[in-house]
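Student: This is the structure, below, for whatever I ask next.
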Amino acid sequence: MAVQHHVKGYEEFTKLVDELETSKKTIHILFSGGKQENGESWCPYCVKAEPVVMSALEKASPESHFIHVDVGERTYWKDLNCPFRKDPRTHLVFLPTLLRWKSPQRLDGEKCSNADLVEMLLSDED
């Protein structure tokens with residue numbers, strides 16, 4: 001299983017990913033909507049995807065890192081100037097998004113709930 005990290009917000013995300021990049025190890029990142037009072041994300045696709053991703057994470061390389069990023073509240077995410085949308089390194093359009101950092105490999109939206117696709121992304125080291 002990958003080394004897991006959980007961050008909230010853009011600043012925490014960029015600080016952690018900059019630190020982890022120096023390790024030269026594979027980094028997978030799940031971007032999802034912030035948690036509400038009931039403990040679930042405001043994003044229904046994120047709620048559906050989270051258990052699928054967490055299950056597939058069991059098979060991920062222990063030499064890799066996994067960052068779960070809480071992008072914040074819905075209004076913050078929906079703002080077209082949201083830094084997660086503007087950052088050329090992330091190019092986020094949909095939530096959830098699961099990606100391999102510095103790679104074209106990514107799953108957006110409902111694809112993050114497909115166990116086969118998620119396992120392939122998390123386990124394939126190419």
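Starting from 1 in every chain, residues are counted up; chains themselves are A, B, ... following the order of the structure tokens, and ligands are numbered from 1 as listed.
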Taking only chain A into account, list the residues labelled strand (DSSP E or B) by DSSP (computed from the backbone), as a list in words.
Tutor: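 DSSP on the backbone gives strand (DSSP E or B) at Val3, Gln4, His5, His6, Val7, Lys8, Ile27, His28, Ile29, Leu30, Phe31, Ser32, Lys35, Ser41, His65, Phe66, Ile67, His68, Val69, Asp70, Thr97, Leu98, Leu99, Arg100, Arg106, Leu107 and Asp108 of chain A.
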Student: Any chance you could list, as a list in words, the residues in range 14-43 of chain A that come up helix (DSSP H, G or I) when DSSP is run on the backbone?
Tutor: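 Output for range 14-43 of chain A, helix (DSSP H, G or I) only: Thr14, Lys15, Leu16, Val17, Asp18, Glu19, Leu20 and Glu21 of chain A.
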Student: Write out, as a short mmCIF file (atom, residue, chain, number, x, y, z; two decimals), in the first residue's frame, the residues just selected, with N, CA and C atoms.
Tutor:
data_model
loop_
_atom_site.label_atom_id
_atom_site.label_comp_id
_atom_site.auth_asym_id
_atom_site.auth_seq_id
_atom_site.Cartn_x
_atom_site.Cartn_y
_atom_site.Cartn_z
N THR A 14 -0.02 22.13 -2.68
CA THR A 14 1.21 22.49 -3.40
C THR A 14 2.45 22.31 -2.52
N LYS A 15 2.33 22.60 -1.25
CA LYS A 15 3.47 22.43 -0.35
C LYS A 15 3.87 20.95 -0.27
N LEU A 16 2.88 20.07 -0.09
CA LEU A 16 3.18 18.64 0.03
C LEU A 16 3.71 18.06 -1.28
N VAL A 17 3.07 18.38 -2.39
CA VAL A 17 3.50 17.79 -3.65
C VAL A 17 4.91 18.27 -4.01
N ASP A 18 5.24 19.50 -3.70
CA ASP A 18 6.60 20.00 -3.95
C ASP A 18 7.62 19.22 -3.12
N GLU A 19 7.26 18.91 -1.86
CA GLU A 19 8.16 18.13 -0.99
C GLU A 19 8.32 16.71 -1.53
N LEU A 20 7.20 16.07 -1.91
CA LEU A 20 7.24 14.67 -2.35
C LEU A 20 7.94 14.50 -3.69
N GLU A 21 7.89 15.51 -4.54
CA GLU A 21 8.56 15.42 -5.84
C GLU A 21 10.04 15.14 -5.69
#
Student: Need to verify the contact set: range 58-65 of chain A, 7 Å, only C-alpha atoms, exclusion of same-chain residues closer than 5 positions in sequence. Can you return it as an MDAnalysis selection string?
Tutor: chainID A and resid 1:4 25:28 122:123
Student: My list of candidates is A:Ala49, A:Phe66, A:Gly39, A:Leu95. Which is closest to Lys78 in chain A when distances are computed with only C-alpha atoms?
Tutor: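 Going through A:Ala49, A:Phe66, A:Gly39, A:Leu95 one by one, the smallest distance to Lys78 in chain A is for A:Leu95.
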Student: Which residue is closest to Lys8 in chain A? Choose from A:Lys48, A:Arg100, A:Lys111, A:His68 and count only C-alpha atoms.
Tutor: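 Of A:Lys48, A:Arg100, A:Lys111, A:His68, the one nearest Lys8 in chain A is A:His68, counting only C-alpha atoms.
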Student: When you count only C-alpha atoms, which of these residues is closest to Gly72 in chain A: A:Val47, A:Glu37, A:Trp42, A:Asp87?
Tutor: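 Ranked by minimum distance to Gly72 in chain A, first place goes to A:Trp42.
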Student: Mind checking which residues fall within 9 Å of Ala56 in chain A, counting only C-alpha atoms, ignoring those fewer than 6 positions away in the same chain, and posting them as a short mmCIF file (atom, residue, chain, number, x, y, z; two decimals) with C-alpha atoms, in the first residue's frame?
Tutor:
data_model
loop_
_atom_site.label_atom_id
_atom_site.label_comp_id
_atom_site.auth_asym_id
_atom_site.auth_seq_id
_atom_site.Cartn_x
_atom_site.Cartn_y
_atom_site.Cartn_z
CA ALA A 115 -12.66 -0.43 -9.91
CA ASP A 116 -10.80 -1.89 -12.90
CA VAL A 118 -8.73 2.74 -10.73
CA GLU A 119 -6.68 -0.41 -10.02
CA MET A 120 -4.96 -0.11 -13.38
CA LEU A 122 -2.75 2.85 -9.21
CA SER A 123 -0.82 -0.31 -9.97
#
Student: Could you tell me how far CA of Val69 in chain A sits from CA of Val7 in chain A, in Å to one decimal place?
Tutor: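 Between CA of Val7 in chain A and CA of Val69 in chain A the gap works out to 5.1 Å.
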Student: Using only C-alpha atoms, which residues sit within 9 Å of Phe84 in chain A once same-chain residues fewer than 4 positions away are excluded, as a ChimeraX atom specification?
Tutor: /A:9-10,71,77,88-93
Student: So how far away is CA of Leu80 in chain A from CA of Leu30 in chain A, in Å?
Tutor: 19.8 Å
Student: Smallest atom-to-atom distance to Ser41 in chain A: which of A:Arg74, A:Glu110, A:Leu121, A:Asp79, using only C-alpha atoms?
Tutor: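 Nearest to Ser41 in chain A: A:Arg74.
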Student: Would you work out the distance separating CA of Glu12 in chain A from CA of Cys82 in chain A, expressed in Å to one decimal?
Tutor: 14.6 Å
